[in-house]
file structure_18.cif (mmCIF, C-alpha atoms)
data_final
#
loop_
_atom_site.label_atom_id
_atom_site.label_comp_id
_atom_site.auth_asym_id
_atom_site.auth_seq_id
_atom_site.Cartn_x
_atom_site.Cartn_y
_atom_site.Cartn_z
CA GLN A 63 -1.44 -64.15 44.97
CA VAL A 64 -0.11 -64.58 41.47
CA GLN A 65 2.72 -67.03 40.86
CA LEU A 66 4.65 -66.98 37.61
CA VAL A 67 7.03 -69.51 36.07
CA GLU A 68 9.06 -68.54 33.01
CA SER A 69 10.84 -70.97 30.70
CA GLY A 70 12.31 -71.27 27.23
CA GLY A 71 15.47 -69.21 27.48
CA GLY A 72 18.85 -70.32 26.22
CA LEU A 73 21.92 -69.51 24.17
CA VAL A 74 21.34 -68.60 20.53
CA GLN A 75 23.37 -67.01 17.77
CA SER A 76 22.59 -63.57 16.41
CA GLY A 77 19.68 -63.85 13.97
CA GLY A 78 18.25 -66.87 15.73
CA SER A 79 14.89 -67.39 17.44
CA LEU A 80 13.56 -68.44 20.82
CA ARG A 81 10.08 -68.84 22.29
CA LEU A 82 9.56 -67.99 25.92
CA SER A 83 6.65 -69.23 28.01
CA CYS A 84 5.20 -68.01 31.29
CA THR A 85 2.58 -69.96 33.18
CA ALA A 86 0.54 -68.24 35.86
CA SER A 87 -1.35 -69.55 38.86
CA GLY A 88 -3.33 -67.99 41.68
CA ILE A 89 -5.29 -65.64 39.41
CA ILE A 90 -8.21 -65.74 36.99
CA PHE A 91 -5.82 -65.51 34.08
CA ARG A 92 -8.29 -64.41 31.41
CA ASN A 93 -9.05 -61.25 33.41
CA TYR A 94 -5.43 -60.11 33.49
CA ASN A 95 -3.18 -58.30 31.08
CA MET A 96 0.21 -59.98 30.82
CA GLY A 97 3.58 -58.46 30.08
CA TRP A 98 7.19 -59.37 29.43
CA PHE A 99 10.10 -57.40 30.86
CA ARG A 100 13.84 -57.92 30.67
CA GLN A 101 16.90 -56.96 32.66
CA ALA A 102 20.39 -56.89 31.20
CA PRO A 103 23.48 -56.96 33.44
CA GLY A 104 24.00 -53.60 35.10
CA LYS A 105 20.79 -52.15 33.69
CA GLU A 106 17.31 -51.51 34.99
CA ARG A 107 14.46 -53.85 34.21
CA GLN A 108 12.62 -52.62 31.12
CA PHE A 109 9.29 -53.23 29.43
CA VAL A 110 9.30 -55.49 26.36
CA ALA A 111 5.70 -56.31 25.42
CA ARG A 112 2.19 -56.53 26.79
CA ILE A 113 -1.00 -58.28 25.78
CA LEU A 114 -4.29 -57.16 27.24
CA SER A 115 -7.06 -59.52 28.27
CA SER A 116 -8.83 -58.32 25.12
CA GLY A 117 -5.91 -59.45 22.98
CA TYR A 118 -4.58 -55.98 22.17
CA LYS A 119 -0.77 -55.93 22.04
CA ASN A 120 1.90 -53.30 22.45
CA TYR A 121 5.69 -53.47 22.23
CA ALA A 122 8.81 -51.57 23.09
CA ASP A 123 10.26 -49.86 20.02
CA SER A 124 13.43 -51.94 20.30
CA VAL A 125 11.57 -55.21 19.64
CA LYS A 126 8.80 -54.15 17.26
CA GLY A 127 8.71 -56.33 14.16
CA ARG A 128 10.91 -58.99 15.77
CA PHE A 129 9.01 -60.14 18.88
CA THR A 130 5.42 -61.35 19.11
CA ILE A 131 3.48 -61.75 22.35
CA SER A 132 0.54 -64.14 22.53
CA ARG A 133 -1.56 -65.87 25.18
CA ASP A 134 -3.49 -69.07 25.74
CA ASP A 135 -6.08 -68.44 28.44
CA ALA A 136 -6.99 -72.12 28.70
CA LYS A 137 -3.38 -72.92 29.60
CA LYS A 138 -2.91 -69.76 31.67
CA THR A 139 0.22 -69.12 29.65
CA VAL A 140 1.71 -66.13 27.87
CA TYR A 141 4.33 -66.53 25.17
CA LEU A 142 7.02 -64.36 23.66
CA GLN A 143 8.22 -65.40 20.21
CA MET A 144 11.56 -63.73 19.58
CA ASN A 145 12.95 -63.68 16.05
CA ASN A 146 16.05 -62.08 14.53
CA LEU A 147 17.66 -61.92 17.95
CA LYS A 148 20.53 -59.50 18.54
CA PRO A 149 23.27 -59.43 21.18
CA ASP A 150 21.50 -56.43 22.77
CA ASP A 151 18.56 -58.74 23.52
CA THR A 152 20.73 -60.61 26.03
CA ALA A 153 18.98 -60.38 29.40
CA VAL A 154 16.94 -62.21 31.98
CA TYR A 155 13.33 -62.18 30.81
CA TYR A 156 10.44 -61.95 33.26
CA CYS A 157 6.68 -61.97 32.90
CA ARG A 158 4.28 -59.94 35.00
CA ALA A 159 0.56 -59.75 35.53
CA GLN A 160 -1.52 -56.58 35.38
CA TYR A 161 -5.09 -56.10 36.61
CA GLY A 162 -6.56 -52.97 35.14
CA ASN A 163 -3.72 -50.45 35.38
CA ALA A 164 -2.08 -52.08 38.38
CA TRP A 165 0.96 -54.27 37.83
CA SER A 166 1.46 -57.08 40.32
CA ASN A 167 4.52 -56.86 42.56
CA ASN A 168 5.15 -60.56 42.04
CA TRP A 169 7.86 -61.70 39.63
CA GLY A 170 8.88 -65.16 38.54
CA GLN A 171 12.44 -66.43 38.64
CA GLY A 172 13.04 -65.27 35.08
CA THR A 173 14.65 -67.08 32.17
CA GLN A 174 18.07 -66.23 30.77
CA VAL A 175 18.41 -65.34 27.09
CA THR A 176 21.92 -65.02 25.72
CA VAL A 177 22.55 -63.98 22.12
CA SER A 178 26.06 -64.44 20.77
CA SER A 179 27.44 -62.36 17.93
#
call {"tool": "encode", "arguments": {"input": "structure_18.cif", "output": "structure tokens"}}
result
Amino acid sequence: QVQLVESGGGLVQSGGSLRLSCTASGIIFRNYNMGWFRQAPGKERQFVARILSSGYKNYADSVKGRFTISRDDAKKTVYLQMNNLKPDDTAVYYCRAQYGNAWSNNWGQGTQVTVSS
């Protein structure tokens, strides 16, 4: 069963940057696609970015050009580099594992990102 631990969130001013990390255990990490999701107060959890086991990446339109997802299979860790942050990026950020087309039902505790204007 996959276990995920996110870190790296914090309070940052608009235009600033943060780098999130998510370390996985309980899976053969290199065989999994990994994704980032976020949930703002009062809103549904939404997709942010995904990186396939092959290295292919895709992003939500709202973060394209500002966020970069990457992975280190040796460390079983996926990263989310967030640049030019905006107040609308304020949310709890979660990572998630995907095997083939099936997303895991397991979530980590999330990491809070707050962007002040």
call {"tool": "atom_distance", "arguments": {"input": "structure_18.cif", "atom1": "atom CA of A:Phe91", "atom2": "atom CA of A:Thr176"}}
result
29.0 Å
call {"tool": "atom_distance", "arguments": {"input": "structure_18.cif", "atom1": "atom CA of A:Ala111", "atom2": "atom CA of A:Val175"}}
result
15.7 Å
call {"tool": "resolve_selection", "arguments": {"input": "structure_18.cif", "expression": "the PyMOL selection byres ((chain A and resi 90) around 12)", "output": "PyMOL selection string"}}
result
chain A and resi 63-65+86-89+91-96+115+135-139+159-161
call {"tool": "write_last_selection", "arguments": {"input": "structure_18.cif", "atoms": "C-alpha atoms", "output": "PDB file, in the coordinates of the input"}}
result
ATOM      1  CA  GLN A  63      -1.440 -64.150  44.970  1.00  0.00           C
ATOM      2  CA  VAL A  64      -0.110 -64.580  41.470  1.00  0.00           C
ATOM      3  CA  GLN A  65       2.720 -67.030  40.860  1.00  0.00           C
ATOM      4  CA  ALA A  86       0.540 -68.240  35.860  1.00  0.00           C
ATOM      5  CA  SER A  87      -1.350 -69.550  38.860  1.00  0.00           C
ATOM      6  CA  GLY A  88      -3.330 -67.990  41.680  1.00  0.00           C
ATOM      7  CA  ILE A  89      -5.290 -65.640  39.410  1.00  0.00           C
ATOM      8  CA  PHE A  91      -5.820 -65.510  34.080  1.00  0.00           C
ATOM      9  CA  ARG A  92      -8.290 -64.410  31.410  1.00  0.00           C
ATOM     10  CA  ASN A  93      -9.050 -61.250  33.410  1.00  0.00           C
ATOM     11  CA  TYR A  94      -5.430 -60.110  33.490  1.00  0.00           C
ATOM     12  CA  ASN A  95      -3.180 -58.300  31.080  1.00  0.00           C
ATOM     13  CA  MET A  96       0.210 -59.980  30.820  1.00  0.00           C
ATOM     14  CA  SER A 115      -7.060 -59.520  28.270  1.00  0.00           C
ATOM     15  CA  ASP A 135      -6.080 -68.440  28.440  1.00  0.00           C
ATOM     16  CA  ALA A 136      -6.990 -72.120  28.700  1.00  0.00           C
ATOM     17  CA  LYS A 137      -3.380 -72.920  29.600  1.00  0.00           C
ATOM     18  CA  LYS A 138      -2.910 -69.760  31.670  1.00  0.00           C
ATOM     19  CA  THR A 139       0.220 -69.120  29.650  1.00  0.00           C
ATOM     20  CA  ALA A 159       0.560 -59.750  35.530  1.00  0.00           C
ATOM     21  CA  GLN A 160      -1.520 -56.580  35.380  1.00  0.00           C
ATOM     22  CA  TYR A 161      -5.090 -56.100  36.610  1.00  0.00           C
TER      23      TYR A 161
END
call {"tool": "closest_residue", "arguments": {"input": "structure_18.cif", "among": "A:Ser83, A:Ser178, A:Gln108, A:Asn145", "to": "A:Arg133", "atoms": "only C-alpha atoms"}}
result
A:Ser83
call {"tool": "residues_around", "arguments": {"input": "structure_18.cif", "residues": "A:Asp150", "least_positions_apart": "6", "cutoff": "10 Å", "atoms": "all atoms listed in the file", "output": "JSON list (two decimals) with C-alpha atoms, in the frame of the given file"}}
result
[["chain", "number", "residue", "atom", "x", "y", "z"],
["A", 76, "SER", "CA", 22.59, -63.57, 16.41],
["A", 102, "ALA", "CA", 20.39, -56.89, 31.20],
["A", 124, "SER", "CA", 13.43, -51.94, 20.30],
["A", 176, "THR", "CA", 21.92, -65.02, 25.72],
["A", 177, "VAL", "CA", 22.55, -63.98, 22.12],
["A", 178, "SER", "CA", 26.06, -64.44, 20.77],
["A", 179, "SER", "CA", 27.44, -62.36, 17.93]]
call {"tool": "closest_residue", "arguments": {"input": "structure_18.cif", "among": "A:Asn167, A:Phe99, A:Glu106, A:Arg158", "to": "A:Tyr121", "atoms": "only C-alpha atoms"}}
result
A:Phe99
call {"tool": "atom_distance", "arguments": {"input": "structure_18.cif", "atom1": "atom CA of A:Arg81", "atom2": "atom CA of A:Arg107"}}
result
19.6 Å
call {"tool": "build_atoms", "arguments": {"input": "structure_18.cif", "residues": "stretch 68-79 of chain A", "atoms": "all heavy atoms", "output": "short mmCIF file (atom, residue, chain, number, x, y, z; two decimals), keeping the file's coordinate frame"}}
result
data_model
loop_
_atom_site.label_atom_id
_atom_site.label_comp_id
_atom_site.auth_asym_id
_atom_site.auth_seq_id
_atom_site.Cartn_x
_atom_site.Cartn_y
_atom_site.Cartn_z
N GLU A 68 8.58 -68.76 34.37
CA GLU A 68 9.06 -68.54 33.01
C GLU A 68 9.96 -69.69 32.57
O GLU A 68 10.63 -70.32 33.40
CB GLU A 68 9.86 -67.23 32.92
CG GLU A 68 9.10 -65.98 33.31
CD GLU A 68 9.30 -65.58 34.77
OE1 GLU A 68 9.69 -66.45 35.58
OE2 GLU A 68 9.09 -64.40 35.09
N SER A 69 9.98 -69.94 31.27
CA SER A 69 10.84 -70.97 30.70
C SER A 69 11.11 -70.66 29.24
O SER A 69 10.47 -69.77 28.66
CB SER A 69 10.21 -72.35 30.85
OG SER A 69 9.00 -72.41 30.12
N GLY A 70 12.06 -71.38 28.66
CA GLY A 70 12.31 -71.27 27.23
C GLY A 70 13.56 -70.51 26.83
O GLY A 70 13.89 -70.42 25.65
N GLY A 71 14.26 -69.94 27.81
CA GLY A 71 15.47 -69.21 27.48
C GLY A 71 16.60 -70.14 27.05
O GLY A 71 16.46 -71.37 27.10
N GLY A 72 17.71 -69.53 26.63
CA GLY A 72 18.85 -70.32 26.22
C GLY A 72 19.87 -69.48 25.52
O GLY A 72 19.80 -68.24 25.52
N LEU A 73 20.84 -70.16 24.92
CA LEU A 73 21.92 -69.51 24.17
C LEU A 73 21.61 -69.67 22.69
O LEU A 73 21.37 -70.79 22.21
CB LEU A 73 23.25 -70.15 24.52
CG LEU A 73 24.47 -69.71 23.70
CD1 LEU A 73 24.74 -68.23 23.91
CD2 LEU A 73 25.68 -70.56 24.08
N VAL A 74 21.66 -68.57 21.95
CA VAL A 74 21.34 -68.60 20.53
C VAL A 74 22.27 -67.63 19.81
O VAL A 74 22.72 -66.64 20.40
CB VAL A 74 19.86 -68.25 20.29
CG1 VAL A 74 19.55 -66.83 20.73
CG2 VAL A 74 19.44 -68.50 18.86
N GLN A 75 22.54 -67.91 18.56
CA GLN A 75 23.37 -67.01 17.77
C GLN A 75 22.55 -65.83 17.26
O GLN A 75 21.32 -65.91 17.14
CB GLN A 75 23.97 -67.77 16.58
CG GLN A 75 25.04 -68.77 16.97
CD GLN A 75 25.73 -69.36 15.75
OE1 GLN A 75 25.16 -69.41 14.66
NE2 GLN A 75 26.97 -69.80 15.94
N SER A 76 23.24 -64.75 16.97
CA SER A 76 22.59 -63.57 16.41
C SER A 76 21.80 -63.97 15.16
O SER A 76 22.29 -64.72 14.32
CB SER A 76 23.65 -62.53 16.06
OG SER A 76 23.06 -61.37 15.57
N GLY A 77 20.56 -63.49 15.07
CA GLY A 77 19.68 -63.85 13.97
C GLY A 77 18.78 -65.02 14.27
O GLY A 77 17.86 -65.32 13.49
N GLY A 78 19.03 -65.70 15.37
CA GLY A 78 18.25 -66.87 15.73
C GLY A 78 16.93 -66.52 16.41
O GLY A 78 16.57 -65.34 16.55
N SER A 79 16.22 -67.55 16.84
CA SER A 79 14.89 -67.39 17.44
C SER A 79 14.78 -68.20 18.73
O SER A 79 15.44 -69.23 18.90
CB SER A 79 13.81 -67.86 16.47
OG SER A 79 13.80 -67.09 15.28
#
